[in-house]
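Q: Hey, dropping entry02.cif in here, mmCIF, C-alpha atoms (C1' of nucleotides):
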data_input
loop_
_atom_site.label_atom_id
_atom_site.label_comp_id
_atom_site.auth_asym_id
_atom_site.auth_seq_id
_atom_site.Cartn_x
_atom_site.Cartn_y
_atom_site.Cartn_z
CA MET A 449 54.10 60.80 104.95
CA SER A 450 54.14 59.85 108.60
CA ALA A 451 53.33 62.21 111.45
CA ALA A 452 57.01 62.31 112.15
CA THR A 453 57.61 64.34 109.01
CA ALA A 454 55.21 67.15 109.83
CA ALA A 455 57.97 69.64 110.55
CA LEU A 456 59.78 68.55 107.44
CA ASP A 457 56.73 69.13 105.28
CA GLU A 458 56.18 72.49 106.84
CA SER A 459 59.78 73.37 106.22
CA ARG A 460 59.45 72.48 102.56
CA ALA A 461 56.22 74.46 102.29
CA LEU A 462 57.93 77.49 103.76
CA PHE A 463 60.75 77.28 101.29
CA ILE A 464 58.35 76.96 98.38
CA ARG A 465 56.35 79.95 99.56
CA ARG A 466 59.37 82.17 99.91
CA TRP A 467 60.85 81.09 96.61
CA GLY A 468 57.56 81.98 94.98
CA GLU A 469 57.47 85.38 96.62
CA MET A 470 60.86 86.16 95.17
CA ALA A 471 59.70 85.36 91.67
CA ASN A 472 58.56 88.90 90.91
CA TYR A 473 62.02 90.20 91.48
CA TRP A 474 63.43 87.73 89.01
CA GLY A 475 60.96 88.58 86.29
CA ILE A 476 59.35 85.16 86.31
CA ASN A 477 55.90 84.23 87.47
CA ARG A 478 55.12 82.96 90.90
CA THR A 479 53.84 79.55 89.90
CA MET A 480 56.90 78.80 87.84
CA ALA A 481 59.10 79.62 90.79
CA GLU A 482 56.96 77.57 93.14
CA ILE A 483 57.12 74.58 90.88
CA HIS A 484 60.84 74.89 90.69
CA ALA A 485 61.05 75.13 94.46
CA LEU A 486 58.83 72.10 94.85
CA LEU A 487 61.11 70.06 92.66
CA PHE A 488 64.17 71.44 94.37
CA VAL A 489 63.03 70.29 97.79
CA SER A 490 61.75 66.96 96.55
CA THR A 491 64.16 64.10 96.63
CA GLU A 492 61.81 61.99 94.54
CA PRO A 493 60.72 62.84 91.00
CA VAL A 494 57.43 64.69 90.83
CA CYS A 495 54.62 64.42 88.26
CA THR A 496 52.10 66.91 86.98
CA ASP A 497 49.42 65.65 89.34
CA ASP A 498 51.73 66.11 92.30
CA VAL A 499 52.31 69.69 91.26
CA MET A 500 48.58 70.30 90.88
CA ALA A 501 47.84 68.83 94.29
CA ARG A 502 50.66 70.44 96.22
CA LEU A 503 50.38 73.91 94.72
CA GLN A 504 46.67 73.96 94.02
CA VAL A 505 46.95 74.95 90.38
CA SER A 506 45.19 73.78 87.28
CA ARG A 507 46.52 71.19 84.91
CA GLY A 508 47.07 73.74 82.19
CA ASN A 509 49.00 76.03 84.44
CA ALA A 510 51.17 73.20 85.75
CA SER A 511 51.82 71.94 82.26
CA MET A 512 52.76 75.33 80.84
CA ASN A 513 55.13 76.18 83.62
CA LEU A 514 56.74 72.77 83.69
CA ARG A 515 57.41 73.17 80.02
CA SER A 516 58.93 76.61 80.54
CA LEU A 517 61.18 75.27 83.24
CA VAL A 518 62.31 72.48 80.96
CA ASP A 519 62.96 75.05 78.22
CA TRP A 520 65.04 77.08 80.63
CA GLY A 521 66.98 73.96 81.48
CA LEU A 522 66.14 74.30 85.16
CA ILE A 523 64.32 70.99 85.43
CA GLN A 524 64.42 67.75 83.51
CA ARG A 525 61.90 65.19 82.41
CA VAL A 526 62.52 61.75 83.78
CA HIS A 527 60.74 58.53 83.05
CA ILE A 528 60.02 55.97 85.66
CA ARG A 529 60.14 52.41 84.47
CA GLY A 530 56.74 50.82 84.42
CA ASP A 531 54.95 54.14 84.77
CA ARG A 532 53.48 55.94 81.85
CA LYS A 533 53.48 59.39 83.41
CA GLU A 534 56.18 61.94 82.95
CA TYR A 535 58.09 62.93 86.02
CA PHE A 536 60.34 65.86 86.64
CA THR A 537 63.38 66.61 88.74
CA ALA A 538 65.20 69.84 89.41
CA LEU A 539 68.81 70.58 88.91
CA THR A 540 69.98 70.33 92.48
CA ASP A 541 73.57 71.33 91.98
CA VAL A 542 73.25 75.02 92.81
CA TRP A 543 76.28 75.70 90.77
CA GLN A 544 74.74 74.25 87.65
CA LEU A 545 71.61 76.19 88.51
CA PHE A 546 73.66 79.36 88.60
CA GLU A 547 75.29 78.63 85.29
CA THR A 548 71.95 77.98 83.63
CA ILE A 549 70.37 81.14 84.97
CA VAL A 550 73.37 83.23 84.07
CA ARG A 551 73.38 81.95 80.54
CA GLN A 552 69.70 82.70 80.08
CA ARG A 553 69.80 86.11 81.63
CA ARG A 554 72.80 87.14 79.65
CA ARG A 555 71.09 86.15 76.45
CA ARG A 556 67.89 87.97 77.36
CA GLU A 557 69.19 90.99 79.18
CA VAL A 558 72.82 91.75 78.65
CA GLU A 559 73.25 90.97 75.00
CA PRO A 560 70.34 93.10 73.77
CA ILE A 561 71.71 96.01 75.75
CA LEU A 562 75.22 95.61 74.40
CA GLU A 563 73.77 95.53 70.94
CA THR A 564 71.78 98.66 71.61
CA LEU A 565 74.77 100.42 73.09
CA ALA A 566 76.73 99.75 69.94
CA ARG A 567 73.96 101.09 67.74
CA CYS A 568 73.46 104.12 69.92
CA ARG A 569 77.12 104.89 69.77
CA GLU A 570 77.13 104.63 66.01
CA MET A 571 74.21 106.97 65.68
CA ALA A 572 75.59 109.46 68.13
CA ALA A 573 78.92 109.46 66.34
CA GLN A 574 77.23 111.13 63.41
CA ASP A 575 76.75 114.18 65.56
CA ALA A 576 79.99 114.04 67.43
CA GLY A 577 82.48 113.07 64.79
CA PRO A 578 86.16 113.97 64.98
CA LYS A 579 85.56 117.41 63.56
CA SER A 580 83.09 118.55 66.13
CA ALA A 581 84.75 118.51 69.46
CA ARG A 582 82.41 121.47 69.74
CA ASN A 583 79.55 119.18 70.68
CA PRO A 584 80.39 118.44 74.29
CA SER A 585 76.95 117.12 75.04
CA ALA A 586 77.28 114.39 72.45
CA ARG A 587 80.73 113.55 73.70
CA ALA A 588 79.57 113.28 77.29
CA TYR A 589 76.73 111.07 76.19
CA MET A 590 79.03 108.80 74.27
CA GLN A 591 81.31 108.60 77.24
CA ARG A 592 78.43 107.30 79.32
CA LEU A 593 77.57 104.72 76.71
CA ASP A 594 81.15 103.57 76.67
CA ASP A 595 81.34 103.37 80.44
CA MET A 596 78.22 101.28 80.51
CA GLU A 597 79.53 98.97 77.85
CA LYS A 598 82.85 98.55 79.55
CA PHE A 599 81.14 97.84 82.82
CA LEU A 600 78.80 95.23 81.41
CA LYS A 601 81.63 93.48 79.68
CA ALA A 602 83.82 93.52 82.78
CA VAL A 603 81.12 92.05 84.98
CA GLY A 604 80.27 89.54 82.27
CA ALA A 605 83.85 88.38 82.14
CA MET A 606 83.89 88.12 85.91
CA VAL A 607 80.81 85.95 85.92
CA ASP A 608 82.20 83.75 83.19
CA LEU A 609 85.21 83.23 85.29
CA LEU A 610 83.16 82.32 88.32
CA VAL A 611 81.17 79.81 86.35
CA LYS A 612 84.38 78.36 85.06
CA VAL A 613 86.11 77.90 88.40
CA GLY A 614 82.98 76.42 89.86
CA PRO A 615 82.14 75.62 93.46
CA ARG A 616 85.64 74.65 94.42
CA GLY A 617 87.15 77.86 93.18
CA ILE A 618 84.58 80.12 94.69
CA GLY A 619 84.81 78.39 98.01
CA ARG A 620 88.45 79.23 98.20
CA VAL A 621 88.01 82.70 96.80
CA SER A 622 85.20 83.59 99.14
CA SER A 623 86.86 82.26 102.26
CA MET A 624 89.87 84.30 101.33
CA ILE A 625 87.71 87.34 100.83
CA MET A 626 85.93 86.72 104.10
CA LYS A 627 89.26 86.87 105.84
CA LEU A 628 90.31 90.00 104.02
CA ALA A 629 87.00 91.69 104.67
CA GLY A 630 87.01 90.60 108.30
CA MET B 950 67.86 121.30 69.46
CA SER B 951 69.27 121.96 66.02
CA ALA B 952 68.74 119.73 63.02
CA ALA B 953 72.32 118.63 63.44
CA THR B 954 71.41 116.69 66.55
CA ALA B 955 68.71 114.57 64.97
CA ALA B 956 70.79 111.42 65.04
CA LEU B 957 71.83 112.14 68.59
CA ASP B 958 68.22 112.49 69.70
CA GLU B 959 67.30 109.31 67.94
CA SER B 960 70.19 107.56 69.59
CA ARG B 961 69.01 108.68 73.01
CA ALA B 962 65.46 107.63 72.24
CA LEU B 963 66.68 104.18 71.26
CA PHE B 964 68.59 103.78 74.47
CA ILE B 965 65.60 104.86 76.51
CA ARG B 966 63.32 102.45 74.71
CA ARG B 967 65.62 99.50 75.22
CA TRP B 968 66.28 100.31 78.84
CA GLY B 969 62.54 100.41 79.39
CA GLU B 970 62.06 97.07 77.68
CA MET B 971 64.53 95.51 80.06
CA ALA B 972 62.60 96.76 83.07
CA ASN B 973 60.41 93.67 83.28
CA TYR B 974 63.41 91.49 83.78
CA TRP B 975 64.59 93.63 86.64
CA GLY B 976 61.27 93.60 88.45
CA ILE B 977 60.72 97.32 88.05
CA ASN B 978 58.14 99.10 85.96
CA ARG B 979 58.80 100.33 82.51
CA THR B 980 58.23 104.00 83.16
CA MET B 981 60.62 104.04 86.07
CA ALA B 982 63.31 102.51 83.91
CA GLU B 983 62.60 104.90 81.08
CA ILE B 984 62.86 107.89 83.36
CA HIS B 985 66.13 106.61 84.67
CA ALA B 986 67.39 106.12 81.14
CA LEU B 987 66.28 109.60 80.17
CA LEU B 988 68.26 111.09 83.01
CA PHE B 989 71.20 108.85 82.27
CA VAL B 990 71.49 110.07 78.70
CA SER B 991 70.84 113.69 79.58
CA THR B 992 73.84 115.78 80.31
CA GLU B 993 71.63 118.56 81.62
CA PRO B 994 69.34 118.22 84.67
CA VAL B 995 65.79 117.32 83.76
CA CYS B 996 62.53 118.46 85.35
CA THR B 997 59.14 116.80 85.74
CA ASP B 998 57.73 118.57 82.70
CA ASP B 999 60.62 117.36 80.58
CA VAL B 1000 59.88 113.82 81.67
CA MET B 1001 56.19 114.22 80.87
CA ALA B 1002 56.93 115.63 77.45
CA ARG B 1003 59.66 113.22 76.42
CA LEU B 1004 58.03 110.06 77.68
CA GLN B 1005 54.39 110.99 77.21
CA VAL B 1006 53.28 110.20 80.73
CA SER B 1007 51.05 111.98 83.19
CA ARG B 1008 52.27 114.27 85.90
CA GLY B 1009 51.27 111.85 88.61
CA ASN B 1010 53.11 108.99 87.00
CA ALA B 1011 56.24 111.05 86.46
CA SER B 1012 56.15 112.33 90.02
CA MET B 1013 55.67 108.92 91.61
CA ASN B 1014 58.43 107.30 89.65
CA LEU B 1015 60.85 110.15 90.14
CA ARG B 1016 60.26 109.80 93.84
CA SER B 1017 60.89 106.06 93.72
CA LEU B 1018 64.12 106.60 91.86
CA VAL B 1019 65.23 109.11 94.46
CA ASP B 1020 64.32 106.63 97.20
CA TRP B 1021 66.38 103.98 95.48
CA GLY B 1022 69.25 106.42 95.33
CA LEU B 1023 69.51 106.11 91.56
CA ILE B 1024 68.81 109.76 90.84
CA GLN B 1025 69.19 112.96 92.77
CA ARG B 1026 67.23 116.15 93.12
CA VAL B 1027 69.13 119.23 92.07
CA HIS B 1028 68.16 122.84 92.29
CA ILE B 1029 69.00 125.32 89.65
CA ARG B 1030 69.72 128.79 90.87
CA GLY B 1031 67.05 131.22 89.85
CA ASP B 1032 64.61 128.49 88.94
CA ARG B 1033 61.90 127.35 91.24
CA LYS B 1034 61.43 123.94 89.71
CA GLU B 1035 63.05 120.78 90.95
CA TYR B 1036 65.44 119.12 88.57
CA PHE B 1037 66.89 115.66 88.60
CA THR B 1038 70.10 114.03 87.51
CA ALA B 1039 71.09 110.38 87.36
CA LEU B 1040 74.07 108.73 88.91
CA THR B 1041 76.31 108.46 85.91
CA ASP B 1042 79.17 106.55 87.43
CA VAL B 1043 78.18 103.04 86.43
CA TRP B 1044 80.04 101.53 89.36
CA GLN B 1045 78.12 103.63 91.79
CA LEU B 1046 74.99 102.59 89.96
CA PHE B 1047 76.04 98.99 90.37
CA GLU B 1048 76.69 99.41 94.05
CA THR B 1049 73.32 101.02 94.63
CA ILE B 1050 71.44 98.33 92.77
CA VAL B 1051 73.35 95.55 94.44
CA ARG B 1052 72.64 96.93 97.87
CA GLN B 1053 68.92 97.19 97.18
CA ARG B 1054 68.58 93.81 95.59
CA ARG B 1055 70.47 92.09 98.33
CA ARG B 1056 68.20 93.60 100.94
CA ARG B 1057 65.07 92.66 99.06
CA GLU B 1058 66.02 89.35 97.53
CA VAL B 1059 68.99 87.67 99.09
CA GLU B 1060 68.50 88.42 102.75
CA PRO B 1061 64.92 87.16 102.98
CA ILE B 1062 66.01 83.94 101.37
CA LEU B 1063 68.93 83.44 103.71
CA GLU B 1064 66.58 84.02 106.60
CA THR B 1065 64.14 81.50 105.22
CA LEU B 1066 66.88 78.97 104.60
CA ALA B 1067 67.91 79.19 108.22
CA ARG B 1068 64.37 78.70 109.43
CA CYS B 1069 63.78 75.82 107.05
CA ARG B 1070 66.89 74.12 108.26
CA GLU B 1071 65.85 74.49 111.85
CA MET B 1072 62.43 73.01 111.18
CA ALA B 1073 63.81 70.17 109.13
CA ALA B 1074 66.31 69.37 111.83
CA GLN B 1075 63.42 68.29 114.05
CA ASP B 1076 62.84 65.38 111.71
CA ALA B 1077 66.42 64.64 110.88
CA GLY B 1078 68.12 64.99 114.22
CA PRO B 1079 71.26 63.09 115.17
CA LYS B 1080 69.31 59.99 116.14
CA SER B 1081 67.61 59.50 112.85
CA ALA B 1082 70.22 59.04 110.25
CA ARG B 1083 67.40 56.77 109.10
CA ASN B 1084 65.67 59.67 107.44
CA PRO B 1085 67.72 60.05 104.30
CA SER B 1086 65.14 62.19 102.60
CA ALA B 1087 65.36 64.83 105.30
CA ARG B 1088 69.11 64.69 105.20
CA ALA B 1089 69.20 65.11 101.45
CA TYR B 1090 66.86 68.04 101.72
CA MET B 1091 68.97 69.72 104.35
CA GLN B 1092 71.99 69.19 102.24
CA ARG B 1093 70.33 71.13 99.45
CA LEU B 1094 69.41 73.94 101.79
CA ASP B 1095 72.98 74.11 102.96
CA ASP B 1096 74.34 74.11 99.45
CA MET B 1097 72.05 76.95 98.53
CA GLU B 1098 73.04 78.96 101.57
CA LYS B 1099 76.70 78.43 100.97
CA PHE B 1100 76.31 79.41 97.37
CA LEU B 1101 74.39 82.60 98.10
CA LYS B 1102 76.90 83.66 100.68
CA ALA B 1103 79.82 82.93 98.42
CA VAL B 1104 78.39 84.91 95.54
CA GLY B 1105 77.41 87.69 97.92
CA ALA B 1106 80.94 87.93 99.18
CA MET B 1107 82.19 87.95 95.63
CA VAL B 1108 79.92 90.82 94.72
CA ASP B 1109 80.95 92.74 97.81
CA LEU B 1110 84.50 92.37 96.72
CA LEU B 1111 83.71 93.63 93.25
CA VAL B 1112 81.97 96.67 94.64
CA LYS B 1113 84.86 97.34 96.92
CA VAL B 1114 87.62 97.05 94.37
CA GLY B 1115 85.71 98.94 91.73
CA PRO B 1116 86.62 99.32 88.09
CA ARG B 1117 90.34 99.25 88.61
CA GLY B 1118 90.47 96.15 90.78
CA ILE B 1119 88.29 93.94 88.68
CA GLY B 1120 91.19 92.88 86.54
CA ARG B 1121 93.25 91.94 89.54
CA VAL B 1122 90.47 89.91 91.12
CA SER B 1123 90.02 88.06 87.89
CA SER B 1124 93.64 87.10 87.67
CA MET B 1125 93.58 86.06 91.29
CA ILE B 1126 90.73 83.70 90.57
CA MET B 1127 92.54 82.36 87.56
CA LYS B 1128 95.44 81.42 89.74
CA LEU B 1129 93.26 79.77 92.34
CA ALA B 1130 91.41 77.88 89.67
CA GLY B 1131 94.49 76.85 87.77
"C1'" DT C 718 48.63 137.62 103.26
"C1'" DG C 719 47.08 136.34 98.65
"C1'" DA C 720 48.32 134.73 94.30
"C1'" DA C 721 51.10 131.96 91.50
"C1'" DA C 722 54.07 128.14 90.65
"C1'" DG C 723 55.14 123.67 91.57
"C1'" DT C 724 54.51 118.98 93.70
"C1'" DT C 725 52.12 115.05 95.66
"C1'" DT C 726 48.35 112.13 96.39
"C1'" DC C 727 44.71 109.05 95.26
"C1'" DA C 728 40.21 107.19 93.49
"C1'" DG C 729 38.88 105.29 89.49
"C1'" DT C 730 40.21 103.34 85.02
"C1'" DA C 731 42.95 100.87 81.84
"C1'" DT C 732 46.14 97.42 80.72
"C1'" DG C 733 48.33 93.32 80.61
"C1'" DC C 734 49.64 89.04 82.83
"C1'" DT C 735 48.23 84.73 84.85
"C1'" DC C 736 45.09 81.03 85.55
"C1'" DT C 737 41.35 77.95 84.65
"C1'" DG C 738 38.93 74.32 82.49
"C1'" DA C 739 37.56 72.05 78.66
"C1'" DA C 740 38.65 70.46 74.15
"C1'" DA C 741 42.15 68.80 71.04
"C1'" DC C 742 45.85 66.16 70.62
"C1'" DT C 743 49.34 62.26 71.22
"C1'" DA C 744 51.07 57.94 72.70
"C1'" DA C 745 50.62 53.41 74.66
"C1'" DT C 746 48.15 49.10 75.16
"C1'" DG C 747 45.05 45.11 74.37
"C1'" DC D 1070 42.10 49.60 65.42
"C1'" DA D 1071 39.64 51.25 69.40
"C1'" DT D 1072 40.32 52.46 73.98
"C1'" DT D 1073 42.42 54.60 77.56
"C1'" DA D 1074 45.98 57.34 79.95
"C1'" DG D 1075 48.39 61.33 79.68
"C1'" DT D 1076 49.73 65.99 77.82
"C1'" DT D 1077 49.20 70.40 75.54
"C1'" DT D 1078 46.78 74.26 73.95
"C1'" DC D 1079 43.94 78.25 74.19
"C1'" DA D 1080 39.79 81.39 74.68
"C1'" DG D 1081 37.96 83.76 78.11
"C1'" DA D 1082 37.75 85.10 83.15
"C1'" DG D 1083 40.05 86.95 87.03
"C1'" DC D 1084 43.49 89.57 89.21
"C1'" DA D 1085 47.13 92.68 90.07
"C1'" DT D 1086 49.68 96.52 88.75
"C1'" DA D 1087 50.39 100.88 86.51
"C1'" DC D 1088 48.46 105.21 84.81
"C1'" DT D 1089 45.60 109.22 84.53
"C1'" DG D 1090 43.80 113.52 85.82
"C1'" DA D 1091 42.04 116.38 89.05
"C1'" DA D 1092 42.06 117.96 93.68
"C1'" DA D 1093 44.78 118.89 97.73
"C1'" DC D 1094 48.79 120.42 99.37
"C1'" DT D 1095 53.28 123.13 99.79
"C1'" DT D 1096 56.40 126.67 98.77
"C1'" DT D 1097 57.75 131.02 96.98
"C1'" DC D 1098 57.28 135.69 96.04
"C1'" DA D 1099 55.26 140.37 95.85
#
Show how you would write the structure in this file as structure tokens.
A:
Amino acid sequence: MSAATAALDESRALFIRRWGEMANYWGINRTMAEIHALLFVSTEPVCTDDVMARLQVSRGNASMNLRSLVDWGLIQRVHIRGDRKEYFTALTDVWQLFETIVRQRRRREVEPILETLARCREMAAQDAGPKSARNPSARAYMQRLDDMEKFLKAVGAMVDLLVKVGPRGIGRVSSMIMKLAG
Amino acid sequence: MSAATAALDESRALFIRRWGEMANYWGINRTMAEIHALLFVSTEPVCTDDVMARLQVSRGNASMNLRSLVDWGLIQRVHIRGDRKEYFTALTDVWQLFETIVRQRRRREVEPILETLARCREMAAQDAGPKSARNPSARAYMQRLDDMEKFLKAVGAMVDLLVKVGPRGIGRVSSMIMKLAG
DNA sequence: TGAAAGTTTCAGTATGCTCTGAAACTAATG
DNA sequence: CATTAGTTTCAGAGCATACTGAAACTTTCA
């Protein structure tokens, strides 16, 4: 790196730092996010030693988190001809990134809740069956469960649609919305 | 609670448990989520002692988390005539819930990133200015920053729209997107 | 105003997540 | 096959966050 790229390096470092700080909010650990950010801002493939040096983490830590990121599908292993090391690159198409994250989060967060909602409803129905309109508390509760379910499914469908139409679709949709919203 | 509501109670307990388990993923603590769930499934207002008893937590813990939930705008204090205690109820309109959460998360997660993206771009521009189309690495990097920014703004606008149109409009927006995509 | 009821705060403790570093393992090469 | 380069695993240490319980504070009522 020449002196001419000082600002560029600093810029990348800033991005990595901020990305890492956001990790808490996403329920993933800081290092994992930082590694992802490092790969995202790197135009060249990056190896484990690079990660260790740039982020000041141990080999074990780097290895574990790289593996997790690969499992998530957020980064890929690449091999460089004539080099024995493994290198990694990030998905740089933000749209693909979005799709990957959405798929994972749905599996981990939305689906278990939908499942639970269904079970809760079933159980509650025992106490609020057709005969006992007299149990308004149970009915109100079930109504809330249903609302939640409907909501989750509606938003899920929306997101599916977004993923499907991709960057081109959303560009048009959002610019249209921008105009509408002023 | 009569014996007849055993299944109902169990149903509520299940919902609370699952909601709490999801808390990690949302970057909030388990107890806070459980309290919210408890209020969400309760048709009657709930007081601090109820929370302590149902969730087996200390007074301090209950108090702190109730306060946080009020700060977030996810629950409200209510006063019951003739009773000195403070009671709480949850927002039960899931769309309102959605709006509240979206507003908070945007402030905490999206806006800092947009800010950082802008700063990163500025810094990088020093090394990739008009004269040096020779620095392809810097250009590629900036391209990624721009893509990310565009993406975040587009999705943000999309979410705004969802919030605005609410439960009834979601179907219409979907079909609109379908048309644009198709 | 004093007593009673209720709420908040916070220092110390407990819990659980993350990280390290070294050993075990695997794959490539001569 | 032995050697070397590279990767993964994991027990234990370190760190950060959440929780408790008791004391301080506030509000209400007689």
Q: Would you compute the distance between CA of Glu993 (chain B) and CA of Thr1038 (chain B)? Give it in Å to one decimal.
A: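 These atoms are spaced 7.6 Å apart.
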Q: Got a sec to resolve the PyMOL selection byres ((chain D and resi 1077) around 9) on this structure and send the residues as a compact mmCIF listing (two decimals) with C-alpha atoms (C1' of nucleotides), in the frame of the given file?
A:
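File result.txt, as written:
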# COMPACT_ATOMS: atom_id res chain seq x y z
CA GLY A 508 47.07 73.74 82.19
CA SER A 511 51.82 71.94 82.26
CA MET A 512 52.76 75.33 80.84
C1' DA C 741 42.15 68.80 71.04
C1' DC C 742 45.85 66.16 70.62
C1' DT D 1076 49.73 65.99 77.82
C1' DT D 1078 46.78 74.26 73.95
Q: Leaving out region 1084-1096 of chain D and any residue of its chain fewer than 5 positions from it, which residues lie within 10 Å of it when counting all atoms listed in the file, given as a PyMOL selection string?
A: (chain B and resi 978-980+1006-1011+1033) or (chain C and resi 722-727+729-736)
Q: Find the residues around Leu565 (chain A) up to 10 Å (all atoms listed in the file counted), leave out those fewer than 6 positions away in its own chain, and share them as number ranges by chain.
A: A: 559, 571, 590, 592-594, 596-597; B: 960, 963-964, 967
Q: Residues proximal to (71.1, 89.6, 77.2) were defined as those with any atom within 12 Å of that point in the file's coordinates, counting all atoms listed in the file. Which are they, as a ChimeraX atom specification?
A: /A:549-564,600-601,604 /B:967-968,970-971,974
Q: So what do you get for CA of Leu987 (chain B) versus CA of Gln1045 (chain B), distance-wise?
A: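 Between CA of Leu987 (chain B) and CA of Gln1045 (chain B) the gap works out to 17.6 Å.
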Q: As an exercise, work out the distance from CA of Asn513 (chain A) to CA of Met480 (chain A) in Å and give it to one decimal place.
A: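 These two atoms are separated by 5.3 Å.
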Q: Region 1093-1109 of chain B, all listed atoms, 6 Å padding on each side: what axis-aligned box centre and edge lengths in Å to one decimal come out, as AutoDock Vina command-line options?
A:
--center_x 75.8 --center_y 81.9 --center_z 98.8 --size_x 24.8 --size_y 33.6 --size_z 20.2
Q: Give me the residues within 7 Å of Gln1025 (chain B) as a list in words, counting only C-alpha atoms (C1' of nucleotides) and dropping any in the same chain fewer than 5 places off.
A: Val1019, Phe1037, Thr1038 and Ala1039 of chain B
Q: Give me a file of those residues, with C-alpha atoms, as a compact mmCIF listing (two decimals), in the frame of the given file.
A:
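Printed below is part.txt as written:
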# COMPACT_ATOMS: atom_id res chain seq x y z
CA VAL B 1019 65.23 109.11 94.46
CA PHE B 1037 66.89 115.66 88.60
CA THR B 1038 70.10 114.03 87.51
CA ALA B 1039 71.09 110.38 87.36
Q: For each of D:DG1075, D:DG1083, D:DA1099, D:DC1070, take the minimum atom-to-atom distance to chain A, counting only C-alpha atoms (C1' of nucleotides), then give the residue where this is smallest.
A: D:DG1075
Q: Could you tell me which of B:Lys1034, B:His985, B:Arg966, B:Trp1044 comes closest to chain D if we count all atoms listed in the file?
A: B:Lys1034
Q: Can you tell me, as a list in words, which residues sit within 10 Å of (53.3, 70.7, 94.3) in the file's frame, using all atoms listed in the file?
A: Ala461, Ile464, Thr479, Glu482, Ile483, His484, Ala485, Leu486, Leu487, Ser490, Val494, Cys495, Thr496, Asp497, Asp498, Val499, Met500, Ala501, Arg502, Leu503, Gln504, Val505 and Ala510 of chain A
Q: Just the residues within 10 Å of DT746 (chain C), please, counting only C-alpha atoms (C1' of nucleotides), with nothing from its chain fewer than 6 positions along; format it as JSON, numbers by chain.
A: {"D": [1072, 1073, 1074]}
